[in-house]
Amino acid sequence: STTVAGKRALHAKTTPFPDKLAFAFDIDGVLKQGHHNVLPQAKRVLRFLSGAEGRLPKPIPFLLITNGGGIPDEERRAALSRELGVELTENQLVQSHTPIKEYVDKYKDKPVLVVGGKGENCRRVAESYGLKHPYIPQDIIAWKPDIWDRTELTEEEKSFVRPADFSQIPFSAALVFDDTRDWGRDITLILDLLSSDKGVFGTRREGHNRADLSGDVELVMSNADVEWRSSWPIPRLGTGAFRLCLEATYKSTTGLELPYKQFGKPFKATYEFSELMLRRYLKQVGRNSNKELNVYMVGDNPLSDIDGANRFGWNSILVRTGVFHDKHGEKPSHKPTVICDDVEKGVEWAIQEEL
Ligand code: G3P
Ligand code: MG
């Protein structure tokens with residue numbers, strides 16, 4: 001379809017203002033391909049929408065919703081602002097674990113195991129959410145290396161572990177905040193906790209394999225993506241694939257379905273939270289936060305971005321720069337409102353729709 005009006009909006013000096021328009025952008029496969037590769041189209045589009053070029057009478061509201069994570073929200077916001085060339089506010093970024101902040105308030109004073117990410121970054125995420133006793137797998141290995149003897153702590157890891165006697169510490173939850181860097185170790189530790197007696201490592205409760213006797217440890221997952229788009233051209237396995245392994249191993253060791261609570265896209269809690277953020281952002285830029293919005297989600301993954309947006313009543317724009325491609329006429333598993341080559345084409349299309 002032609003996007004003449006949209007193009008005009010993106011490149012001309014003056015435009016009519018699309019008052020109800022708002023955007024939700026996925027990051028990996030839409031704005032970026034890998035850690036260090038920001039798409040130039042993404043930079044152009046975000047500068048335009050934020051009003052930085054002076055071509056808009058006021059900013060067009062947008063936020064980024066990623067199933068990525070593993071870094072405190074504030075640090076990720078600052079890093080993305082630098083990379084993308086626009087100053088994002090705290091209301092413009094939702095990572096897969098951001099909506100968990102409120103959910104885990106109940107564990108504020110309780111020991112939790114935080115899994116995933118580089119080094120002890122996920123411990124810092126948990127601390128930024130107010131959790132006072134977040135432990136990481138390396139702490140447990142430092143306590144008893146025999147609990148998982150297939151990999152050893154590096155010197156760097158030894159420098160940040162927190163020594164504790166875990167035979168005396170009852171865990172209340174295991175929180176998976178990002179891709180684990182040691183799948184075998186972390187599957188083992190999570191299964192240990194789920195089958196433990198009152199959340200203590202090295203114990204196993206009677207009836208741990210009976211469906212009518214649930215355990216004491218809640219498993220909370222962020223990011224359900226089985227695949228995602230990194231700097232490698234073929235989709236890579238993500239945190240959702242780790243969950244599939246947990247489900248399979250839990251089933252084969254206990255005979256039961258894995259009990260867990262899931263956040264991230266495509267789940268409603270994440271979209272509700274994001275819409276709230278968009279409205280906070282409107283307020284922040286001095287616009288009516290209760291106004292009617294037509295939100296367009298731009299994503300590369302039909303199973304997360306598109307499914308979630310469709311279910312939440314947003315418009316959905318599927319791009320060809322990430323997980324999805326249709327080189328051989330493939331149809332997406334969830335039908336978007338439109339398929340576009342990249343984020344810039346998608347934004348042009350949406351502006352045209354709204355003018
Ligand atoms: O780990 C990142 C990933 O699963 C997807 O990130 O930005 O495409 O939702 P994003
Ligand atoms: Mg993506």
# chains A, B, ... in the order shown; residues from 1 in each chain; ligands from 1
call {"tool": "residues_near_ligand", "arguments": {"ligand": "ligand 2", "cutoff": "7 Å", "atoms": "only C-alpha atoms and all ligand atoms", "output": "list in words"}}
result
Asp26, Ile27, Asp28, Gly29, Val30, Thr66, Trp228, Arg229, Gly299, Asp300, Asn301 and Gly322 of chain A
call {"tool": "write_last_selection", "arguments": {"atoms": "C-alpha atoms", "output": "PDB file, in the first residue's frame"}}
result
ATOM      1  CA  ASP A  26       9.477  -3.862  20.505  1.00  0.00           C
ATOM      2  CA  ILE A  27      13.278  -3.580  20.787  1.00  0.00           C
ATOM      3  CA  ASP A  28      15.086  -6.694  19.512  1.00  0.00           C
ATOM      4  CA  GLY A  29      14.341  -7.264  15.843  1.00  0.00           C
ATOM      5  CA  VAL A  30      12.600  -3.876  15.488  1.00  0.00           C
ATOM      6  CA  THR A  66      10.779  -5.587  25.373  1.00  0.00           C
ATOM      7  CA  TRP A 228      14.319 -13.938  19.524  1.00  0.00           C
ATOM      8  CA  ARG A 229      16.387 -11.959  17.060  1.00  0.00           C
ATOM      9  CA  GLY A 299       6.972  -5.990  16.585  1.00  0.00           C
ATOM     10  CA  ASP A 300       8.949  -8.766  14.930  1.00  0.00           C
ATOM     11  CA  ASN A 301       7.588 -11.760  16.812  1.00  0.00           C
ATOM     12  CA  GLY A 322      13.570  -9.809  13.194  1.00  0.00           C
TER      13      GLY A 322
END
call {"tool": "closest_atom_pairs", "arguments": {"of": "chain A", "to": "ligand 1", "cutoff": "10 Å", "atoms": "only C-alpha atoms and all ligand atoms", "output": "JSON lines"}}
result
{"residue": "A:Phe25", "atom": "CA", "partner": "ligand 1", "partner_atom_place_in_ligand_line": "7 (O)", "distance": 8.3}
{"residue": "A:Asp26", "atom": "CA", "partner": "ligand 1", "partner_atom_place_in_ligand_line": "7 (O)", "distance": 4.8}
{"residue": "A:Ile27", "atom": "CA", "partner": "ligand 1", "partner_atom_place_in_ligand_line": "7 (O)", "distance": 3.6}
{"residue": "A:Asp28", "atom": "CA", "partner": "ligand 1", "partner_atom_place_in_ligand_line": "8 (O)", "distance": 3.7}
{"residue": "A:Gly29", "atom": "CA", "partner": "ligand 1", "partner_atom_place_in_ligand_line": "8 (O)", "distance": 5.6}
{"residue": "A:Val30", "atom": "CA", "partner": "ligand 1", "partner_atom_place_in_ligand_line": "8 (O)", "distance": 7.2}
{"residue": "A:Leu31", "atom": "CA", "partner": "ligand 1", "partner_atom_place_in_ligand_line": "7 (O)", "distance": 8.2}
{"residue": "A:Lys32", "atom": "CA", "partner": "ligand 1", "partner_atom_place_in_ligand_line": "7 (O)", "distance": 8.1}
{"residue": "A:Gln33", "atom": "CA", "partner": "ligand 1", "partner_atom_place_in_ligand_line": "8 (O)", "distance": 9.2}
{"residue": "A:Gly34", "atom": "CA", "partner": "ligand 1", "partner_atom_place_in_ligand_line": "2 (C)", "distance": 9.5}
{"residue": "A:Leu64", "atom": "CA", "partner": "ligand 1", "partner_atom_place_in_ligand_line": "7 (O)", "distance": 8.1}
{"residue": "A:Ile65", "atom": "CA", "partner": "ligand 1", "partner_atom_place_in_ligand_line": "9 (O)", "distance": 6.5}
{"residue": "A:Thr66", "atom": "CA", "partner": "ligand 1", "partner_atom_place_in_ligand_line": "9 (O)", "distance": 3.6}
{"residue": "A:Asn67", "atom": "CA", "partner": "ligand 1", "partner_atom_place_in_ligand_line": "9 (O)", "distance": 3.7}
{"residue": "A:Gly68", "atom": "CA", "partner": "ligand 1", "partner_atom_place_in_ligand_line": "2 (C)", "distance": 3.6}
{"residue": "A:Gly69", "atom": "CA", "partner": "ligand 1", "partner_atom_place_in_ligand_line": "1 (O)", "distance": 6.7}
{"residue": "A:Gly70", "atom": "CA", "partner": "ligand 1", "partner_atom_place_in_ligand_line": "1 (O)", "distance": 8.8}
{"residue": "A:Val94", "atom": "CA", "partner": "ligand 1", "partner_atom_place_in_ligand_line": "7 (O)", "distance": 9.8}
{"residue": "A:Gln95", "atom": "CA", "partner": "ligand 1", "partner_atom_place_in_ligand_line": "9 (O)", "distance": 8.1}
{"residue": "A:Ser96", "atom": "CA", "partner": "ligand 1", "partner_atom_place_in_ligand_line": "9 (O)", "distance": 7.8}
{"residue": "A:Gly117", "atom": "CA", "partner": "ligand 1", "partner_atom_place_in_ligand_line": "1 (O)", "distance": 9.9}
{"residue": "A:Phe177", "atom": "CA", "partner": "ligand 1", "partner_atom_place_in_ligand_line": "1 (O)", "distance": 9.9}
{"residue": "A:Asp178", "atom": "CA", "partner": "ligand 1", "partner_atom_place_in_ligand_line": "1 (O)", "distance": 6.9}
{"residue": "A:Asp179", "atom": "CA", "partner": "ligand 1", "partner_atom_place_in_ligand_line": "1 (O)", "distance": 6.7}
{"residue": "A:Ser222", "atom": "CA", "partner": "ligand 1", "partner_atom_place_in_ligand_line": "4 (O)", "distance": 9.6}
{"residue": "A:Asn223", "atom": "CA", "partner": "ligand 1", "partner_atom_place_in_ligand_line": "4 (O)", "distance": 6.2}
{"residue": "A:Ala224", "atom": "CA", "partner": "ligand 1", "partner_atom_place_in_ligand_line": "4 (O)", "distance": 7.4}
{"residue": "A:Asp225", "atom": "CA", "partner": "ligand 1", "partner_atom_place_in_ligand_line": "4 (O)", "distance": 5.0}
{"residue": "A:Val226", "atom": "CA", "partner": "ligand 1", "partner_atom_place_in_ligand_line": "4 (O)", "distance": 7.4}
{"residue": "A:Glu227", "atom": "CA", "partner": "ligand 1", "partner_atom_place_in_ligand_line": "4 (O)", "distance": 6.5}
{"residue": "A:Trp228", "atom": "CA", "partner": "ligand 1", "partner_atom_place_in_ligand_line": "4 (O)", "distance": 4.8}
{"residue": "A:Arg229", "atom": "CA", "partner": "ligand 1", "partner_atom_place_in_ligand_line": "8 (O)", "distance": 6.6}
{"residue": "A:Ser230", "atom": "CA", "partner": "ligand 1", "partner_atom_place_in_ligand_line": "2 (C)", "distance": 7.9}
{"residue": "A:Pro235", "atom": "CA", "partner": "ligand 1", "partner_atom_place_in_ligand_line": "4 (O)", "distance": 10.0}
{"residue": "A:Arg236", "atom": "CA", "partner": "ligand 1", "partner_atom_place_in_ligand_line": "4 (O)", "distance": 8.8}
{"residue": "A:Leu237", "atom": "CA", "partner": "ligand 1", "partner_atom_place_in_ligand_line": "4 (O)", "distance": 8.2}
{"residue": "A:Gly238", "atom": "CA", "partner": "ligand 1", "partner_atom_place_in_ligand_line": "4 (O)", "distance": 5.3}
{"residue": "A:Thr239", "atom": "CA", "partner": "ligand 1", "partner_atom_place_in_ligand_line": "4 (O)", "distance": 6.6}
{"residue": "A:Gly240", "atom": "CA", "partner": "ligand 1", "partner_atom_place_in_ligand_line": "4 (O)", "distance": 7.9}
{"residue": "A:Ala241", "atom": "CA", "partner": "ligand 1", "partner_atom_place_in_ligand_line": "4 (O)", "distance": 10.0}
{"residue": "A:Gly264", "atom": "CA", "partner": "ligand 1", "partner_atom_place_in_ligand_line": "9 (O)", "distance": 8.4}
{"residue": "A:Lys265", "atom": "CA", "partner": "ligand 1", "partner_atom_place_in_ligand_line": "9 (O)", "distance": 7.4}
{"residue": "A:Pro266", "atom": "CA", "partner": "ligand 1", "partner_atom_place_in_ligand_line": "9 (O)", "distance": 9.7}
{"residue": "A:Gly299", "atom": "CA", "partner": "ligand 1", "partner_atom_place_in_ligand_line": "8 (O)", "distance": 7.3}
{"residue": "A:Asp300", "atom": "CA", "partner": "ligand 1", "partner_atom_place_in_ligand_line": "8 (O)", "distance": 6.8}
{"residue": "A:Asn301", "atom": "CA", "partner": "ligand 1", "partner_atom_place_in_ligand_line": "8 (O)", "distance": 7.0}
{"residue": "A:Ser304", "atom": "CA", "partner": "ligand 1", "partner_atom_place_in_ligand_line": "9 (O)", "distance": 7.6}
{"residue": "A:Asp305", "atom": "CA", "partner": "ligand 1", "partner_atom_place_in_ligand_line": "9 (O)", "distance": 7.3}
{"residue": "A:Gly322", "atom": "CA", "partner": "ligand 1", "partner_atom_place_in_ligand_line": "8 (O)", "distance": 7.9}
{"residue": "A:Val323", "atom": "CA", "partner": "ligand 1", "partner_atom_place_in_ligand_line": "8 (O)", "distance": 8.4}
call {"tool": "atom_distance", "arguments": {"atom1": "CA of Glu348 in chain A", "atom2": "CA of Leu49 in chain A"}}
result
11.1 Å
call {"tool": "residues_around", "arguments": {"residues": "His208 in chain A", "least_positions_apart": "6", "cutoff": "10 Å", "atoms": "only C-alpha atoms", "output": "number ranges by chain"}}
result
A: 194-197, 214-215, 254, 256
call {"tool": "write_last_selection", "arguments": {"atoms": "C-alpha atoms", "output": "PDB file, in the first residue's frame"}}
result
ATOM      1  CA  LEU A 194      10.163 -26.484  43.872  1.00  0.00           C
ATOM      2  CA  SER A 195      10.541 -29.935  45.452  1.00  0.00           C
ATOM      3  CA  SER A 196      12.060 -28.705  48.709  1.00  0.00           C
ATOM      4  CA  ASP A 197      10.672 -28.721  52.200  1.00  0.00           C
ATOM      5  CA  SER A 214       1.736 -27.759  46.383  1.00  0.00           C
ATOM      6  CA  GLY A 215       5.158 -26.527  47.425  1.00  0.00           C
ATOM      7  CA  THR A 254       7.681 -35.442  39.432  1.00  0.00           C
ATOM      8  CA  LEU A 256       3.427 -33.010  37.380  1.00  0.00           C
TER       9      LEU A 256
END
call {"tool": "select_by_dssp", "arguments": {"residues": "range 206-260 of chain A", "states": "helix (DSSP H, G or I)", "output": "list of chain:residue names"}}
result
A:Thr239, A:Gly240, A:Ala241, A:Phe242, A:Arg243, A:Leu244, A:Cys245, A:Leu246, A:Glu247, A:Ala248, A:Thr249, A:Tyr250, A:Lys251, A:Ser252, A:Thr253, A:Thr254
call {"tool": "residues_around", "arguments": {"residues": "Lys291 in chain A", "least_positions_apart": "2", "cutoff": "10 Å", "atoms": "only C-alpha atoms", "output": "short mmCIF file (atom, residue, chain, number, x, y, z; two decimals) with N, CA and C atoms, in the first residue's frame"}}
result
data_model
loop_
_atom_site.label_atom_id
_atom_site.label_comp_id
_atom_site.auth_asym_id
_atom_site.auth_seq_id
_atom_site.Cartn_x
_atom_site.Cartn_y
_atom_site.Cartn_z
N ASP A 19 -3.85 13.13 16.46
CA ASP A 19 -4.02 13.35 17.90
C ASP A 19 -4.16 12.09 18.76
N LYS A 20 -4.76 11.03 18.17
CA LYS A 20 -4.98 9.83 18.98
C LYS A 20 -3.84 8.82 18.87
N ARG A 279 -0.04 6.48 29.42
CA ARG A 279 -0.89 7.56 29.95
C ARG A 279 -0.09 8.45 30.92
N LEU A 282 1.84 10.74 28.71
CA LEU A 282 1.00 11.83 28.20
C LEU A 282 0.90 12.95 29.22
N ARG A 287 -0.18 16.52 28.26
CA ARG A 287 -1.37 16.23 27.47
C ARG A 287 -2.38 15.46 28.32
N ASN A 288 -3.63 15.45 27.86
CA ASN A 288 -4.70 14.78 28.59
C ASN A 288 -4.44 13.27 28.66
N SER A 289 -4.28 12.75 29.86
CA SER A 289 -3.90 11.34 29.99
C SER A 289 -5.09 10.40 29.87
N LEU A 293 -6.91 6.69 22.77
CA LEU A 293 -5.65 6.45 22.06
C LEU A 293 -5.82 5.33 21.04
N ASN A 294 -5.20 5.48 19.90
CA ASN A 294 -5.07 4.37 18.95
C ASN A 294 -3.62 3.93 19.01
#
call {"tool": "residues_around", "arguments": {"residues": "Ala174 in chain A", "least_positions_apart": "5", "cutoff": "10 Å", "atoms": "only C-alpha atoms", "output": "VMD selection string"}}
result
chain A and resid 111 to 115 134 to 136 189 to 191 193 to 194 199 217 to 221 260
call {"tool": "write_last_selection", "arguments": {"atoms": "C-alpha atoms", "output": "mmCIF file, in the first residue's frame"}}
result
data_model
loop_
_atom_site.group_PDB
_atom_site.id
_atom_site.type_symbol
_atom_site.label_atom_id
_atom_site.label_comp_id
_atom_site.auth_asym_id
_atom_site.auth_seq_id
_atom_site.Cartn_x
_atom_site.Cartn_y
_atom_site.Cartn_z
ATOM 1 C CA PRO A 111 14.764 -14.683 50.621
ATOM 2 C CA VAL A 112 14.313 -15.228 46.867
ATOM 3 C CA LEU A 113 16.482 -16.855 44.207
ATOM 4 C CA VAL A 114 17.011 -14.568 41.219
ATOM 5 C CA VAL A 115 18.012 -16.361 38.036
ATOM 6 C CA PRO A 134 17.841 -11.617 46.669
ATOM 7 C CA TYR A 135 20.302 -14.474 46.195
ATOM 8 C CA ILE A 136 21.720 -15.694 42.915
ATOM 9 C CA LEU A 189 18.494 -25.261 41.489
ATOM 10 C CA ILE A 190 14.950 -24.280 40.504
ATOM 11 C CA LEU A 191 13.737 -27.905 40.544
ATOM 12 C CA LEU A 193 13.499 -25.406 45.350
ATOM 13 C CA LEU A 194 10.163 -26.484 43.872
ATOM 14 C CA GLY A 199 12.165 -23.715 50.339
ATOM 15 C CA VAL A 217 8.230 -21.801 46.509
ATOM 16 C CA GLU A 218 6.595 -19.809 43.722
ATOM 17 C CA LEU A 219 8.245 -19.742 40.298
ATOM 18 C CA VAL A 220 7.889 -16.398 38.506
ATOM 19 C CA MET A 221 8.972 -16.139 34.875
ATOM 20 C CA TYR A 260 4.584 -20.898 37.377
#
